[in-house]
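These notes concern the structure reproduced below.
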Amino acid sequence: MLEMDGEKPIYIQIAEWLETEIIEGTLQADDKVYSQYQLADLFNINPATAGKGLTILLDAELIYKKRGLGTFVSADAREKLLTKRKGGRLSRLVQELLNEAALLGLQEEQLIELIRAERKERS
Amino acid sequence: MYSTQWSVNELAKRQFFLKLNANGAIFTMLIVLQIIATVFISGAVTTTSMNDWGEPISFNFTSISNDAQLGLTLFWAFIVGFLLTSAAQRNESFSFVTNRLTFQLANFYFFCTAALLGGVTTVLLGSVMKIIAMFRDNMIIETAGLLSSPLDFLSRIFVMMAYTLLLMLIGYTLGSLIQWSKLFIALFGVIWYAFTQSTFAVADNENSGLLYFYYGETSILLFTLKIVATIAVLFAISFFVTNRLEVRNP
Amino acid sequence: MPAITLKNVTKSYRSITVLNQLNLEIRENVITGLVGRNGVGKTTLMKMVAGFIKESDGELRVLGERPFNSLKVSANMIFIDDMMGFPDALTLGDLLTECDRFYENWDQDLAMRLLKYFKLPLSLNHRVLSKGKRSTFNAVVGIATRCPLTMFDEPITGMDAGARRDFYRALLKDYLAHPRTILLSSHHMEEMEDLLEDILLIDGKDSAFHGSITELQEKFISLQGKENVLKQYANRYAVIHKSSAGPLTEWIVDNDHTNLELTELKQAGIRVSAVSASEAYLAMTGQTRGGVDDVFDAMERE
C-alpha cells in the first residue's frame, strides 16, 4: 500500500484503529479481537471490507487465529507496533514537516525550536 | 440456501387468493349493476288488450324478463376479462412469487368464481323480480322456479355461468392480444365492423350466424361441449400471448 | 457457484440494443453495487435477472436456472423498485400478510417493527403514501423477505437523509445476520459504498468494471496542486479525469506509482491522496465536478 495524504480507505482505517487499540492497551496480548462481523456492525461497513482490515494485522502477525475460536492479539504485538510507528509513521510525519518547512523557508534550528516550545506547552 | 420450491398448483392457488383479496371491487361492481338493472330498467312489459266489442273488460298480459340484468352481467363479464389483462394487474401479481403460467391459472380460477357468482345472482334476481311482480300486481306466475322445476332452474344457472365465463375469456383474450401489440385494436375494430354488418345482413334469418351456434343449441350436453371447446381455444390463445409478456416494464 | 451468470447476454428492443454481449458472474452472498449513468441498462439487467423480461440472446442463469418463467427463481428472488405495484384495495398490513404467504423466509416480526419505526401505520393504503414513504415501505419488504437473491433498483428514491441512512443500516444488519446475494443500484454511490463488497459498473452497453470495491479504489489516485506544477511533474501518468475547483486542479490518474515517485510529487507540493470508490466511479464515467464546465468554456470561445 502506498502512503497517501488525506482520507484513507476504510479497511486501512480499521487496521489502524485496531493497532491503536493494541498500543493503548485496550486490547491486551491474547485478548480476543473483534470478528469481521462485529467490526462491520461497529463501523457500518461491509464485512468483507472489515475482513481486509483484519488481514492486514494477520499478515503483520499482530494477531493470530485459533481454529473455531476467533482471532487473538499476539504476545509481541504492542512491541512490534511501537517500533513500526516510530520507523514508519513518525518518519513520514517528519518528512511532511520538512516539506512544509521548506515551503515556508524555515531553518532546522527554527524547527527544533518549534518542537521544543510545543513540548513545553504540553508538559 | 435456494430451498424454496413451489408447485404450480399451490402458487396458482395463492395467486388466486391474492386476486380475490385485491379485486373485491369487481364483485361490488356486479351487485351495483344488477341493482341498477332491477331498479331502473323495468323487467316487466305490460300489454293491455281490449276486447273489440266495447265491453268494459280488459286483460293485462305482463311478461317478465330479466334480460336487462342478463345483459348487464354479460357486459360486466366482458369488462372484467378485459380489466384483468391490464399492466397494473400484472405488476401486482408479479410483485409476489409467480410465473406466467400460475398467473394465467389464477386469472382463470378468478373467472370461474366470478362466473359462478354472476350466474347465480342473475338467475336468482329473475326470481326476485317475479316475486316483486306477484306481490305488486297480484299476478299469476307461470314459470319454472327452483321448487316447481329444479332441473330447469339449475340448468338456467348453469347456462348463465357458461355464458359469463365465455364473455370473460373473450374479454381476457382480446385484452391480452392488445397488451401484446396495440395493432390488435385496429384489427378488432375492423372485425367488429365486418361482424355487425354481416349480422345485419343475416338478420332476417335468425337460425344462422355465429351466436346461433351457442344459443340455438338445444342439447345441454352439446352446448356444454361447444362452450368448453371455445373456452379452451381462448385460454390457449391468451396463454400463448401471456407466456411471452414482459412484465413490470413501464 | 455464482448466483448469477451471464454469457454473451444481449438485450435489445427492436433496433435499440440496451445491453450488448455482457459476460459476468455475480458471487453468491455478496453485496454488489450496480452503478452506471442514466440509461446504461442497469434496470434492464436486473429485470432480466428477475425473469420479468427476456434476454434477446446469450445465456443467462440465475440460481442455476433460466429466470424467465422460472418458479424457482421467482420464489427465491425479490426485486424492489419505486414502480412496484400493489393492489389498491389492500392496506400495508394486508400486504405484509400476502408477503408472508408467498415468501418462505419472510420475517413478519421484523417487518412490523421496521414499519413502526418508520411511522408507517398498517392501516394505510400503499397508494396514498408519499414517494419517500412508499420507497421506505418497499425497502422494508425487500429486507424482510430475506430472499436468497435480493435486488434493489434505486431504493432510496424520495427518502430523506435519515431514512436513507436507516435503510442502509437495516440492510447491513440483516445481511450480517442472514447473508444473501444482494444487488443494489443507486446514483448515490457515496452513500452506499461502505456497504458494498463488489462493484459492477455498466457503461456503454457493457461492463466497464467488475470487482471488489477496494480494487476500484486502488485503481486511481488523486493529485492536487497548481495546474502548472501538475503539468511539470505529473505529465507521464495516464490522466483519467481533470477537474478544477478554485485555484487548485485535481487530476485523477492511474495508480501505478512507486513510492519514490510519490515522494517526488509530494516534495513538489502536490497533494497525493487516495480516492474513494465513488470518486473513482465518477471519474471513470466523467461525472466529477468541472466536466460540464467544458461545455460553457467551448461556448465562450466560439
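Residue names in the C-alpha cells use chain letters A, B, ... in the order shown, residue numbers from 1 in each chain, and ligand numbers from 1 in the order shown.
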So that I can check the surroundings of A:Leu18, please list as a CSV table (one decimal) with N, CA, C and O atoms, in the first residue's frame every protein, DNA and RNA residue that reaches within 12 Å of it, counting only C-alpha atoms and ignoring chain neighbours fewer than 4 positions away.
```
chain,number,residue,atom,x,y,z
A,11,TYR,N,-10.7,0.1,5.0
A,11,TYR,CA,-10.1,-1.0,5.7
A,11,TYR,C,-8.7,-0.7,6.3
A,11,TYR,O,-8.3,-1.3,7.3
A,12,ILE,N,-8.0,0.3,5.8
A,12,ILE,CA,-6.8,0.8,6.4
A,12,ILE,C,-7.1,1.5,7.7
A,12,ILE,O,-6.5,1.3,8.7
A,13,GLN,N,-8.2,2.3,7.7
A,13,GLN,CA,-8.7,2.9,8.9
A,13,GLN,C,-9.0,1.9,10.0
A,13,GLN,O,-8.6,2.1,11.2
A,14,ILE,N,-9.6,0.8,9.6
A,14,ILE,CA,-10.0,-0.2,10.5
A,14,ILE,C,-8.7,-0.8,11.1
A,14,ILE,O,-8.5,-1.0,12.4
A,22,ILE,N,-4.5,-1.7,20.4
A,22,ILE,CA,-3.4,-2.5,20.9
A,22,ILE,C,-2.4,-1.6,21.6
A,22,ILE,O,-1.9,-1.9,22.8
A,23,ILE,N,-2.0,-0.6,21.0
A,23,ILE,CA,-0.9,0.3,21.5
A,23,ILE,C,-1.4,0.9,22.9
A,23,ILE,O,-0.7,0.9,23.9
A,24,GLU,N,-2.7,1.3,22.8
A,24,GLU,CA,-3.3,2.0,24.1
A,24,GLU,C,-3.5,1.0,25.2
A,24,GLU,O,-3.8,1.3,26.3
A,25,GLY,N,-3.5,-0.3,24.8
A,25,GLY,CA,-3.7,-1.4,25.8
A,25,GLY,C,-5.1,-1.8,26.0
A,25,GLY,O,-5.5,-2.5,26.9
A,26,THR,N,-6.0,-1.2,25.2
A,26,THR,CA,-7.4,-1.6,25.3
A,26,THR,C,-7.5,-3.1,24.9
A,26,THR,O,-8.3,-3.9,25.5
A,27,LEU,N,-6.7,-3.5,23.9
A,27,LEU,CA,-6.6,-4.9,23.6
A,27,LEU,C,-5.3,-5.4,24.0
A,27,LEU,O,-4.2,-4.9,23.5
A,28,GLN,N,-5.3,-6.3,25.0
A,28,GLN,CA,-4.0,-6.8,25.6
A,28,GLN,C,-3.6,-8.1,24.8
A,28,GLN,O,-4.4,-8.6,24.1
A,32,LYS,N,-9.2,-11.5,22.8
A,32,LYS,CA,-9.9,-11.8,21.6
A,32,LYS,C,-10.2,-10.5,20.8
A,32,LYS,O,-10.6,-9.5,21.4
A,33,VAL,N,-9.9,-10.6,19.5
A,33,VAL,CA,-10.1,-9.4,18.7
A,33,VAL,C,-11.5,-9.4,18.1
A,33,VAL,O,-12.1,-10.5,17.9
A,34,TYR,N,-12.1,-8.3,17.8
A,34,TYR,CA,-13.4,-8.2,17.2
A,34,TYR,C,-13.5,-9.1,15.9
A,34,TYR,O,-12.5,-9.1,15.1
A,35,SER,N,-14.6,-9.8,15.7
A,35,SER,CA,-14.7,-10.5,14.4
A,35,SER,C,-15.0,-9.6,13.3
A,35,SER,O,-15.4,-8.4,13.6
A,36,GLN,N,-14.9,-10.1,12.1
A,36,GLN,CA,-15.2,-9.1,11.0
A,36,GLN,C,-16.6,-8.7,11.0
A,36,GLN,O,-16.9,-7.6,10.5
A,39,LEU,N,-16.9,-6.0,13.6
A,39,LEU,CA,-16.3,-4.7,13.1
A,39,LEU,C,-17.3,-4.1,12.0
A,39,LEU,O,-17.4,-2.9,12.0
A,50,ALA,N,-14.2,-5.1,6.4
A,50,ALA,CA,-13.7,-5.3,7.7
A,50,ALA,C,-12.7,-6.4,7.8
A,50,ALA,O,-11.6,-6.3,8.4
A,53,GLY,N,-9.3,-5.4,6.7
A,53,GLY,CA,-8.6,-4.7,7.8
A,53,GLY,C,-7.9,-5.7,8.7
A,53,GLY,O,-6.7,-5.5,9.1
A,54,LEU,N,-8.6,-6.8,9.0
A,54,LEU,CA,-8.1,-7.8,9.9
A,54,LEU,C,-6.9,-8.5,9.2
A,54,LEU,O,-5.9,-8.8,9.9
A,55,THR,N,-7.0,-8.7,7.9
A,55,THR,CA,-6.0,-9.4,7.2
A,55,THR,C,-4.7,-8.7,7.3
A,55,THR,O,-3.6,-9.3,7.4
A,56,ILE,N,-4.7,-7.3,7.2
A,56,ILE,CA,-3.5,-6.5,7.4
A,56,ILE,C,-2.8,-6.9,8.7
A,56,ILE,O,-1.6,-7.1,8.7
A,57,LEU,N,-3.6,-7.0,9.7
A,57,LEU,CA,-3.0,-7.3,11.0
A,57,LEU,C,-2.5,-8.7,11.1
A,57,LEU,O,-1.4,-9.0,11.7
A,58,LEU,N,-3.2,-9.6,10.5
A,58,LEU,CA,-2.8,-11.1,10.4
A,58,LEU,C,-1.5,-11.2,9.7
A,58,LEU,O,-0.6,-11.9,10.1
A,62,LEU,N,0.4,-9.5,13.9
A,62,LEU,CA,0.0,-8.8,15.1
A,62,LEU,C,-1.1,-9.5,15.8
A,62,LEU,O,-1.3,-9.3,17.0
A,63,ILE,N,-1.9,-10.2,15.1
A,63,ILE,CA,-2.9,-11.1,15.7
A,63,ILE,C,-2.8,-12.5,15.1
A,63,ILE,O,-2.1,-12.7,14.1
A,72,PHE,N,-6.9,-13.5,18.0
A,72,PHE,CA,-6.4,-13.0,19.3
A,72,PHE,C,-5.1,-12.2,19.1
A,72,PHE,O,-4.4,-12.3,18.1
A,73,VAL,N,-4.9,-11.3,20.0
A,73,VAL,CA,-3.7,-10.4,19.9
A,73,VAL,C,-2.4,-11.2,20.2
A,73,VAL,O,-2.3,-11.9,21.2
A,77,ALA,N,2.7,-8.0,19.9
A,77,ALA,CA,2.0,-7.1,19.0
A,77,ALA,C,2.3,-5.6,19.3
A,77,ALA,O,2.7,-4.8,18.5
A,78,ARG,N,2.3,-5.3,20.7
A,78,ARG,CA,2.5,-4.0,21.0
A,78,ARG,C,3.9,-3.5,20.7
A,78,ARG,O,4.1,-2.4,20.2
A,81,LEU,N,4.3,-2.9,17.1
A,81,LEU,CA,3.6,-1.7,16.6
A,81,LEU,C,4.4,-0.4,17.0
A,81,LEU,O,4.5,0.5,16.2
```
Inset, instruction - For chain C, list the residues within 6 Å of chain A, counting only C-alpha atoms, and write the list as a PyMOL selection string. - result: chain C and resi 194-196+272-273
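Within stretch 3-112 of chain A, the backbone-based DSSP assignment of strand (DSSP E) covers A:Ile63, A:Tyr64, A:Lys65, A:Lys66, A:Gly70, A:Thr71, A:Phe72, A:Val73.
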Can you build me a table of chain B residues sitting at most 7 Å from chain C, with the closest atom pair per residue and its distance in Å to one decimal, using only C-alpha atoms, sorted by chain and residue number, as JSON lines?
```
{"residue": "B:Met1", "atom": "CA", "partner": "C:Pro148", "partner_atom": "CA", "distance": 6.8}
{"residue": "B:Tyr2", "atom": "CA", "partner": "C:Asn76", "partner_atom": "CA", "distance": 6.3}
{"residue": "B:Thr4", "atom": "CA", "partner": "C:Ala75", "partner_atom": "CA", "distance": 6.2}
{"residue": "B:Gln5", "atom": "CA", "partner": "C:Lys72", "partner_atom": "CA", "distance": 5.7}
{"residue": "B:Trp6", "atom": "CA", "partner": "C:Leu71", "partner_atom": "CA", "distance": 6.9}
{"residue": "B:Ala22", "atom": "CA", "partner": "C:Ala89", "partner_atom": "CA", "distance": 5.4}
{"residue": "B:Ala88", "atom": "CA", "partner": "C:Gly85", "partner_atom": "CA", "distance": 6.7}
{"residue": "B:Asn91", "atom": "CA", "partner": "C:Gly85", "partner_atom": "CA", "distance": 5.4}
{"residue": "B:Glu92", "atom": "CA", "partner": "C:Gly85", "partner_atom": "CA", "distance": 4.9}
{"residue": "B:Ser95", "atom": "CA", "partner": "C:Gly85", "partner_atom": "CA", "distance": 6.5}
{"residue": "B:Phe96", "atom": "CA", "partner": "C:Phe102", "partner_atom": "CA", "distance": 6.6}
{"residue": "B:Val97", "atom": "CA", "partner": "C:Ala75", "partner_atom": "CA", "distance": 5.2}
{"residue": "B:Thr98", "atom": "CA", "partner": "C:Ser74", "partner_atom": "CA", "distance": 6.2}
{"residue": "B:Asn99", "atom": "CA", "partner": "C:Asn69", "partner_atom": "CA", "distance": 4.8}
{"residue": "B:Arg100", "atom": "CA", "partner": "C:Asn69", "partner_atom": "CA", "distance": 6.1}
{"residue": "B:Glu246", "atom": "CA", "partner": "C:Ile53", "partner_atom": "CA", "distance": 4.6}
{"residue": "B:Val247", "atom": "CA", "partner": "C:Phe52", "partner_atom": "CA", "distance": 5.0}
{"residue": "B:Arg248", "atom": "CA", "partner": "C:Phe52", "partner_atom": "CA", "distance": 6.5}
```
Legend entry - Long-range neighbours of stretch 154-171 of chain B as a ChimeraX atom specification, 7 Å cut-off, only C-alpha atoms, 5 positions minimum in chain: /B:74,77-82,111-112,115-116,118-120,123,227,231,234
Inset, instruction - From a DSSP calculation on the backbone, collect every residue of chain A in alpha helix (DSSP H) and output the set as an MDAnalysis selection string. - result: chainID A and resid 10:24 36:43 47:59 77:84 91:104 108:122
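Atom pair atom CA of C:Gly246 / atom CA of C:His188 has a distance of 24.4 Å (rounded to one decimal).
As for atom CA of C:Pro155 and atom CA of C:Glu215, they are spaced 25.2 Å apart.
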